[in-house]
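Okay, entry35.pdb now, which holds PDB, C-alpha atoms:
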```pdb
ATOM      1  CA  MET A  57      -1.899  11.598  14.302  1.00  0.00           C
ATOM      2  CA  ASN A  58      -0.967   8.752  16.584  1.00  0.00           C
ATOM      3  CA  ARG A  59      -3.394   6.339  14.986  1.00  0.00           C
ATOM      4  CA  ARG A  60      -3.273   3.095  16.860  1.00  0.00           C
ATOM      5  CA  ARG A  61      -2.171   0.142  14.851  1.00  0.00           C
ATOM      6  CA  GLN A  62      -2.556  -3.525  15.623  1.00  0.00           C
ATOM      7  CA  PRO A  63       0.569  -4.971  17.241  1.00  0.00           C
ATOM      8  CA  ARG A  64       2.777  -6.679  14.708  1.00  0.00           C
ATOM      9  CA  LYS A  65       2.742  -9.902  16.669  1.00  0.00           C
ATOM     10  CA  LEU A  66      -1.013 -10.182  16.337  1.00  0.00           C
ATOM     11  CA  VAL A  67      -0.927  -9.446  12.630  1.00  0.00           C
ATOM     12  CA  ARG A  68       1.666 -12.162  12.166  1.00  0.00           C
ATOM     13  CA  ARG A  69      -0.332 -14.696  14.107  1.00  0.00           C
ATOM     14  CA  LEU A  70      -3.354 -13.869  11.982  1.00  0.00           C
ATOM     15  CA  ALA A  71      -1.291 -14.154   8.826  1.00  0.00           C
ATOM     16  CA  HIS A  72      -0.062 -17.602   9.821  1.00  0.00           C
ATOM     17  CA  ALA A  73      -3.596 -18.750  10.496  1.00  0.00           C
ATOM     18  CA  ARG A  74      -4.779 -17.456   7.119  1.00  0.00           C
ATOM     19  CA  ILE A  75      -1.883 -19.015   5.252  1.00  0.00           C
ATOM     20  CA  GLY A  76      -2.640 -22.316   6.977  1.00  0.00           C
ATOM     21  CA  ILE A  77      -6.285 -22.170   5.922  1.00  0.00           C
ATOM     22  CA  LEU A  78      -5.386 -21.368   2.322  1.00  0.00           C
ATOM     23  CA  TRP A  79      -2.771 -24.098   2.198  1.00  0.00           C
ATOM     24  CA  GLU A  80      -5.112 -26.782   3.532  1.00  0.00           C
ATOM     25  CA  GLN A  81      -7.668 -25.880   0.887  1.00  0.00           C
ATOM     26  CA  ALA A  82      -5.172 -25.519  -1.937  1.00  0.00           C
ATOM     27  CA  ARG A  83      -3.734 -28.932  -1.138  1.00  0.00           C
ATOM     28  CA  THR A  84      -7.103 -30.628  -1.418  1.00  0.00           C
ATOM     29  CA  VAL A  85      -8.031 -29.077  -4.770  1.00  0.00           C
ATOM     30  CA  ALA A  86      -4.536 -29.142  -6.292  1.00  0.00           C
ATOM     31  CA  ARG A  87      -5.283 -32.293  -8.273  1.00  0.00           C
ATOM     32  CA  GLU A  88      -8.629 -31.300  -9.750  1.00  0.00           C
ATOM     33  CA  ARG A  89      -8.213 -27.562 -10.115  1.00  0.00           C
ATOM     34  CA  PRO A  90      -4.552 -26.580 -10.180  1.00  0.00           C
ATOM     35  CA  ASP A  91      -5.286 -23.020 -11.312  1.00  0.00           C
ATOM     36  CA  LEU A  92      -7.495 -22.356  -8.326  1.00  0.00           C
ATOM     37  CA  ALA A  93      -4.902 -23.775  -5.949  1.00  0.00           C
ATOM     38  CA  ARG A  94      -2.288 -21.552  -7.516  1.00  0.00           C
ATOM     39  CA  ALA A  95      -4.466 -18.452  -7.157  1.00  0.00           C
ATOM     40  CA  TRP A  96      -5.048 -19.230  -3.493  1.00  0.00           C
ATOM     41  CA  MET A  97      -1.369 -19.704  -2.782  1.00  0.00           C
ATOM     42  CA  ARG A  98      -0.686 -16.394  -4.503  1.00  0.00           C
ATOM     43  CA  ILE A  99      -3.012 -14.735  -2.038  1.00  0.00           C
ATOM     44  CA  ALA A 100      -1.227 -16.592   0.756  1.00  0.00           C
ATOM     45  CA  SER A 101       2.151 -15.298  -0.331  1.00  0.00           C
ATOM     46  CA  ARG A 102       0.826 -11.759  -0.560  1.00  0.00           C
ATOM     47  CA  ILE A 103      -0.507 -12.119   2.981  1.00  0.00           C
ATOM     48  CA  ALA A 104       2.932 -13.255   4.118  1.00  0.00           C
ATOM     49  CA  GLN A 105       4.538 -10.257   2.447  1.00  0.00           C
ATOM     50  CA  LYS A 106       2.099  -7.822   3.991  1.00  0.00           C
ATOM     51  CA  ALA A 107       2.625  -9.223   7.492  1.00  0.00           C
ATOM     52  CA  ARG A 108       6.398  -9.385   6.907  1.00  0.00           C
ATOM     53  CA  THR A 109       6.686 -13.062   7.746  1.00  0.00           C
ATOM     54  CA  ARG A 110       8.098 -15.969   5.830  1.00  0.00           C
ATOM     55  CA  MET A 111       5.920 -18.515   4.203  1.00  0.00           C
ATOM     56  CA  PRO A 112       6.376 -21.643   6.356  1.00  0.00           C
ATOM     57  CA  TRP A 113       9.070 -23.891   4.957  1.00  0.00           C
ATOM     58  CA  HIS A 114       6.879 -26.983   4.687  1.00  0.00           C
ATOM     59  CA  ILE A 115       4.567 -25.033   2.376  1.00  0.00           C
ATOM     60  CA  ARG A 116       7.246 -23.223   0.418  1.00  0.00           C
ATOM     61  CA  ARG A 117       8.848 -26.439  -0.776  1.00  0.00           C
ATOM     62  CA  HIS A 118       5.543 -27.540  -2.325  1.00  0.00           C
ATOM     63  CA  LEU A 119       5.298 -24.435  -4.486  1.00  0.00           C
ATOM     64  CA  CYS A 120       7.133 -23.728  -7.691  1.00  0.00           C
ATOM     65  CA  LYS A 121       9.229 -20.657  -7.072  1.00  0.00           C
ATOM     66  CA  ARG A 122       8.820 -19.415 -10.623  1.00  0.00           C
ATOM     67  CA  CYS A 123       5.192 -20.052 -11.603  1.00  0.00           C
ATOM     68  CA  GLY A 124       3.718 -20.556  -8.140  1.00  0.00           C
ATOM     69  CA  ALA A 125       2.064 -23.860  -8.992  1.00  0.00           C
ATOM     70  CA  VAL A 126       1.200 -26.237  -6.159  1.00  0.00           C
ATOM     71  CA  LEU A 127       3.469 -29.186  -6.847  1.00  0.00           C
ATOM     72  CA  VAL A 128       1.998 -32.670  -6.671  1.00  0.00           C
ATOM     73  CA  PRO A 129       4.654 -35.346  -7.217  1.00  0.00           C
ATOM     74  CA  GLY A 130       3.788 -37.517 -10.201  1.00  0.00           C
ATOM     75  CA  ARG A 131       1.297 -34.967 -11.447  1.00  0.00           C
ATOM     76  CA  ASN A 132       3.010 -31.711 -12.237  1.00  0.00           C
ATOM     77  CA  CYS A 133       6.475 -32.210 -10.809  1.00  0.00           C
ATOM     78  CA  ARG A 134       9.261 -34.735 -11.007  1.00  0.00           C
ATOM     79  CA  VAL A 135      11.173 -35.657  -7.847  1.00  0.00           C
ATOM     80  CA  ARG A 136      14.507 -37.412  -8.126  1.00  0.00           C
ATOM     81  CA  VAL A 137      17.200 -38.209  -5.589  1.00  0.00           C
ATOM     82  CA  ARG A 138      20.615 -37.607  -7.106  1.00  0.00           C
ATOM     83  CA  ALA A 139      23.727 -38.999  -5.514  1.00  0.00           C
ATOM     84  CA  ARG A 140      26.278 -37.218  -7.690  1.00  0.00           C
ATOM     85  CA  ARG A 141      27.887 -34.201  -6.147  1.00  0.00           C
ATOM     86  CA  SER A 142      26.532 -34.042  -2.612  1.00  0.00           C
ATOM     87  CA  THR A 143      23.304 -36.001  -2.280  1.00  0.00           C
ATOM     88  CA  HIS A 144      20.326 -33.837  -3.129  1.00  0.00           C
ATOM     89  CA  VAL A 145      16.714 -33.982  -4.247  1.00  0.00           C
ATOM     90  CA  VAL A 146      15.848 -32.403  -7.579  1.00  0.00           C
ATOM     91  CA  VAL A 147      12.292 -31.167  -8.047  1.00  0.00           C
ATOM     92  CA  THR A 148      11.332 -30.208 -11.599  1.00  0.00           C
ATOM     93  CA  CYS A 149       8.107 -28.293 -12.169  1.00  0.00           C
ATOM     94  CA  LEU A 150       6.570 -29.838 -15.275  1.00  0.00           C
ATOM     95  CA  SER A 151       4.432 -26.824 -16.115  1.00  0.00           C
ATOM     96  CA  CYS A 152       7.277 -24.322 -16.413  1.00  0.00           C
ATOM     97  CA  GLY A 153      10.414 -26.476 -16.222  1.00  0.00           C
ATOM     98  CA  THR A 154      12.051 -24.828 -13.252  1.00  0.00           C
ATOM     99  CA  ILE A 155      14.542 -27.012 -11.421  1.00  0.00           C
ATOM    100  CA  ARG A 156      14.989 -26.728  -7.701  1.00  0.00           C
ATOM    101  CA  ARG A 157      17.598 -28.611  -5.707  1.00  0.00           C
ATOM    102  CA  PHE A 158      17.328 -29.423  -2.034  1.00  0.00           C
ATOM    103  CA  PRO A 159      20.497 -30.578  -0.315  1.00  0.00           C
ATOM    104  CA  ILE A 160      20.081 -33.507   2.046  1.00  0.00           C
ATOM    105  CA  LYS A 161      21.489 -32.916   5.474  1.00  0.00           C
ATOM    106  CA  ARG A 162      23.138 -35.691   7.372  1.00  0.00           C
TER     107      ARG A 162
ATOM    108  CA  MET B  27      -6.326 -17.650  15.598  1.00  0.00           C
ATOM    109  CA  LYS B  28      -9.633 -19.050  14.443  1.00  0.00           C
ATOM    110  CA  VAL B  29     -12.304 -17.334  12.421  1.00  0.00           C
ATOM    111  CA  ALA B  30     -14.756 -15.796  14.824  1.00  0.00           C
ATOM    112  CA  PRO B  31     -17.440 -13.128  14.526  1.00  0.00           C
ATOM    113  CA  HIS B  32     -15.174 -10.489  16.021  1.00  0.00           C
ATOM    114  CA  ASN B  33     -12.306 -11.034  13.594  1.00  0.00           C
ATOM    115  CA  ILE B  34     -14.078 -12.018  10.388  1.00  0.00           C
ATOM    116  CA  VAL B  35     -13.214  -8.691   8.763  1.00  0.00           C
ATOM    117  CA  GLN B  36      -9.503  -9.410   9.166  1.00  0.00           C
ATOM    118  CA  HIS B  37      -9.722 -13.129   8.506  1.00  0.00           C
ATOM    119  CA  GLU B  38      -9.765 -15.402   5.494  1.00  0.00           C
ATOM    120  CA  LEU B  39     -13.039 -15.582   3.588  1.00  0.00           C
ATOM    121  CA  ILE B  40     -12.047 -18.132   0.973  1.00  0.00           C
ATOM    122  CA  GLY B  41     -13.676 -21.483   1.673  1.00  0.00           C
ATOM    123  CA  LEU B  42     -16.539 -20.140   3.751  1.00  0.00           C
ATOM    124  CA  GLU B  43     -20.195 -20.508   2.835  1.00  0.00           C
ATOM    125  CA  ALA B  44     -21.892 -17.218   2.047  1.00  0.00           C
ATOM    126  CA  HIS B  45     -25.484 -16.279   1.455  1.00  0.00           C
ATOM    127  CA  VAL B  46     -26.540 -12.914   0.088  1.00  0.00           C
ATOM    128  CA  ALA B  47     -29.093 -11.740   2.619  1.00  0.00           C
ATOM    129  CA  ALA B  48     -29.817  -8.346   1.096  1.00  0.00           C
ATOM    130  CA  SER B  49     -28.554  -6.517  -1.925  1.00  0.00           C
ATOM    131  CA  ARG B  50     -29.089  -3.425  -3.962  1.00  0.00           C
ATOM    132  CA  ASP B  51     -29.332  -5.761  -6.955  1.00  0.00           C
ATOM    133  CA  PRO B  52     -32.476  -7.856  -6.511  1.00  0.00           C
ATOM    134  CA  ALA B  53     -31.116 -10.570  -8.801  1.00  0.00           C
ATOM    135  CA  LEU B  54     -28.382 -11.391  -6.287  1.00  0.00           C
ATOM    136  CA  VAL B  55     -30.547 -11.784  -3.211  1.00  0.00           C
ATOM    137  CA  CYS B  56     -30.747 -15.318  -1.799  1.00  0.00           C
ATOM    138  CA  ARG B  57     -27.808 -16.587  -3.812  1.00  0.00           C
ATOM    139  CA  ARG B  58     -25.701 -18.955  -1.795  1.00  0.00           C
ATOM    140  CA  GLY B  59     -22.337 -20.497  -2.419  1.00  0.00           C
ATOM    141  CA  LYS B  60     -18.792 -21.081  -1.349  1.00  0.00           C
ATOM    142  CA  ILE B  61     -16.408 -18.147  -1.564  1.00  0.00           C
ATOM    143  CA  VAL B  62     -13.690 -19.130  -4.028  1.00  0.00           C
ATOM    144  CA  ASP B  63     -12.005 -15.843  -4.764  1.00  0.00           C
ATOM    145  CA  GLU B  64     -11.923 -12.286  -3.651  1.00  0.00           C
ATOM    146  CA  THR B  65     -10.931  -8.944  -5.120  1.00  0.00           C
ATOM    147  CA  LYS B  66     -10.881  -5.493  -3.608  1.00  0.00           C
ATOM    148  CA  LYS B  67     -14.554  -4.898  -4.263  1.00  0.00           C
ATOM    149  CA  THR B  68     -16.071  -8.250  -5.170  1.00  0.00           C
ATOM    150  CA  LEU B  69     -16.483 -11.782  -3.915  1.00  0.00           C
ATOM    151  CA  ILE B  70     -16.723 -14.752  -6.244  1.00  0.00           C
ATOM    152  CA  LEU B  71     -19.196 -17.330  -5.056  1.00  0.00           C
ATOM    153  CA  GLU B  72     -19.324 -20.839  -6.408  1.00  0.00           C
ATOM    154  CA  THR B  73     -23.016 -21.650  -6.508  1.00  0.00           C
ATOM    155  CA  ALA B  74     -24.795 -24.754  -7.685  1.00  0.00           C
ATOM    156  CA  ARG B  75     -25.197 -23.062 -11.069  1.00  0.00           C
ATOM    157  CA  GLY B  76     -21.691 -21.828 -11.689  1.00  0.00           C
ATOM    158  CA  ALA B  77     -19.610 -19.004 -10.303  1.00  0.00           C
ATOM    159  CA  ILE B  78     -21.039 -15.541  -9.765  1.00  0.00           C
ATOM    160  CA  ARG B  79     -19.338 -12.295  -8.897  1.00  0.00           C
ATOM    161  CA  VAL B  80     -21.003 -10.271  -6.183  1.00  0.00           C
ATOM    162  CA  THR B  81     -20.033  -6.765  -5.166  1.00  0.00           C
ATOM    163  CA  LYS B  82     -19.160  -6.415  -1.520  1.00  0.00           C
ATOM    164  CA  GLU B  83     -20.540  -2.947  -1.314  1.00  0.00           C
ATOM    165  CA  GLY B  84     -24.312  -2.771  -1.380  1.00  0.00           C
ATOM    166  CA  CYS B  85     -24.812  -6.336  -0.172  1.00  0.00           C
ATOM    167  CA  THR B  86     -25.287  -7.930   3.214  1.00  0.00           C
ATOM    168  CA  PHE B  87     -23.899 -11.403   3.662  1.00  0.00           C
ATOM    169  CA  ASP B  88     -24.682 -14.260   5.975  1.00  0.00           C
ATOM    170  CA  ILE B  89     -21.399 -16.052   6.379  1.00  0.00           C
ATOM    171  CA  GLY B  90     -21.207 -19.492   7.920  1.00  0.00           C
ATOM    172  CA  LEU B  91     -18.087 -20.105   9.974  1.00  0.00           C
ATOM    173  CA  PRO B  92     -16.436 -23.543  10.271  1.00  0.00           C
ATOM    174  CA  ASP B  93     -17.796 -23.959  13.809  1.00  0.00           C
ATOM    175  CA  GLY B  94     -21.335 -23.548  12.535  1.00  0.00           C
ATOM    176  CA  THR B  95     -22.188 -20.021  13.614  1.00  0.00           C
ATOM    177  CA  LEU B  96     -23.760 -17.632  11.157  1.00  0.00           C
ATOM    178  CA  VAL B  97     -22.543 -14.048  10.988  1.00  0.00           C
ATOM    179  CA  ARG B  98     -24.401 -11.304   9.207  1.00  0.00           C
ATOM    180  CA  VAL B  99     -21.909  -8.803   7.813  1.00  0.00           C
ATOM    181  CA  ASP B 100     -22.440  -5.599   5.909  1.00  0.00           C
ATOM    182  CA  GLY B 101     -20.446  -6.086   2.717  1.00  0.00           C
ATOM    183  CA  HIS B 102     -19.077  -2.578   3.017  1.00  0.00           C
ATOM    184  CA  LEU B 103     -16.944  -3.721   5.965  1.00  0.00           C
ATOM    185  CA  LEU B 104     -15.407  -6.488   3.891  1.00  0.00           C
ATOM    186  CA  SER B 105     -14.108  -4.152   1.201  1.00  0.00           C
ATOM    187  CA  GLY B 106     -10.375  -4.205   0.622  1.00  0.00           C
ATOM    188  CA  ARG B 107      -7.946  -6.668  -0.880  1.00  0.00           C
ATOM    189  CA  PRO B 108      -7.546  -9.929   1.043  1.00  0.00           C
ATOM    190  CA  GLU B 109      -4.100  -8.932   2.247  1.00  0.00           C
ATOM    191  CA  SER B 110      -4.968  -5.359   3.169  1.00  0.00           C
ATOM    192  CA  ARG B 111      -8.038  -6.391   5.107  1.00  0.00           C
ATOM    193  CA  MET B 112      -5.707  -8.026   7.598  1.00  0.00           C
ATOM    194  CA  LYS B 113      -4.709  -4.707   9.134  1.00  0.00           C
ATOM    195  CA  LYS B 114      -8.118  -3.169   8.919  1.00  0.00           C
ATOM    196  CA  GLN B 115      -9.593  -1.840  12.107  1.00  0.00           C
ATOM    197  CA  LEU B 116     -13.206  -1.112  12.635  1.00  0.00           C
ATOM    198  CA  ARG B 117     -14.293   2.150  14.082  1.00  0.00           C
ATOM    199  CA  TRP B 118     -17.182   1.484  16.337  1.00  0.00           C
ATOM    200  CA  LYS B 119     -19.726   4.241  16.198  1.00  0.00           C
ATOM    201  CA  TRP B 120     -22.633   3.606  18.432  1.00  0.00           C
TER     202      TRP B 120
END
```
Written form, structure tokens:
Amino acid sequence: MNRRRQPRKLVRRLAHARIGILWEQARTVARERPDLARAWMRIASRIAQKARTRMPWHIRRHLCKRCGAVLVPGRNCRVRVRARRSTHVVVTCLSCGTIRRFPIKR
Amino acid sequence: MKVAPHNIVQHELIGLEAHVAASRDPALVCRRGKIVDETKKTLILETARGAIRVTKEGCTFDIGLPDGTLVRVDGHLLSGRPESRMKKQLRWKW
């Protein structure tokens, strides 16, 4: 009863640090070993879930939301700026074909 | 929050250098490599001669931190999935 837990704030700070470490490493190996990078980012997303935080936005937009691959433009994803409809960026994951659209804010 | 000897049990192990200092399996002693993956009960080390899977339990590891310090950890303390280790608390029994 009344087992002390770590404060949530601390757990979140730790989670952010760990996600940062994993992301830095995944980014460097993403070209040579995409599978390894993907496995590491999977761990990172599980850490985020466990700490109940969001994956930072600058990392999330480099991951395919369907297969979890680390997207490297020109390597395993296609990036196009489309002016039809409201201007947006289309990112296509070339390993699974998922399309993701990012609206451009003015 | 950086990796430090006091929080290594809760922190990220992937990317760190590890050296098996003692083990119940004599074939694993003195193996050294970079930690590339982790499961609940094992670590996967990338050594000069390919990847090996080492059980956490029954081994003692020397782990090199990015700032250069070496920590000797009983592998039993490292058991747990990478995400569940984050909330793990050590009970200090003196």
Subject >> Option closest in space to Arg68 (chain A), from B:Asp51, B:Glu109, B:Glu64, B:Glu83 [counting only C-alpha atoms] >> reply: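 Closest to Arg68 (chain A) of all the choices is B:Glu109.
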Subject >> Selection under test: the PyMOL selection byres ((chain A) within 8 of (chain B)); residues as a PyMOL selection string >> reply: chain A and resi 61-62+67+69-71+73-74+77-78+81+96+99+102-103+106
Subject >> Selection: 8 Å around Arg57 (chain B), only C-alpha atoms, excl. self and same-chain fewer than 2 positions, as a PyMOL selection string >> reply: chain B and resi 45-46+54-55+59+73
Subject >> A:Thr84, A:Cys149, A:Trp113, A:Pro159 ranked by distance to Val137 (chain A), top pick (using all atoms listed in the file) >> reply: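 Between A:Thr84, A:Cys149, A:Trp113, A:Pro159, the residue approaching Val137 (chain A) most closely is A:Pro159.
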Original post:
In terms of the shortest atom-to-atom distance over only C-alpha atoms, which of B:Ala44, B:Cys56, B:Leu116, B:Ala30 is closest to Glu72 (chain B)?
Top reply: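 Result for the nearest residue to Glu72 (chain B): B:Ala44.
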Find the axis-aligned box for region 144-159 of chain A, covering all its listed atoms and adding 3 Å on each side, and write its centre and edge lengths in Å to one decimal as lines of an AutoDock Vina configuration file.
```
center_x = 12.5
center_y = -29.2
center_z = -8.4
size_x = 22.1
size_y = 15.7
size_z = 22.1
```
**OP:** Apply the PyMOL selection byres ((chain A and resi 134) around 8) to the structure shown and report the selected residues as a list in words.
**Re:**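 Here the PyMOL selection byres ((chain A and resi 134) around 8) matches Pro129, Gly130, Arg131, Asn132, Cys133, Val135, Arg136, Val146, Val147, Thr148, Cys149 and Leu150 of chain A.
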**OP:** Might you pull out every residue within 6 Å of Cys85 (chain B), with all atoms listed in the file counted and same-chain residues fewer than 4 positions away left off, and present them as a ChimeraX atom specification?
**Re:** /B:48-49,101
Original post:
For the atom pair CA of Thr68 (chain B) and CA of Val35 (chain B), what is the interatomic distance in Å to one decimal place?
Top reply: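 Pair CA of Thr68 (chain B) / CA of Val35 (chain B) returns 14.2 Å.
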**OP:** To one decimal in Å, tell me the separation between CA of Asp88 (chain B) and CA of His72 (chain A).
**Re:**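 These two atoms are separated by 25.1 Å.
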Subject >> Residues matched by the PyMOL selection byres ((chain A and resi 157) around 6) as a PyMOL selection string >> reply: chain A and resi 145-146+156+158
Original post:
Of the residues A:Cys152, A:Ala100, A:Cys123, A:Val128, which is the one nearest to Gly76 (chain A), using only C-alpha atoms?
Top reply: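 Answer, going by the shortest atom-to-atom distance: A:Ala100.
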Original post:
What is the distance between CA of Pro92 (chain B) and CA of Arg117 (chain A), in Å to one decimal?
Top reply: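 Separation between CA of Pro92 (chain B) and CA of Arg117 (chain A): 27.7 Å.
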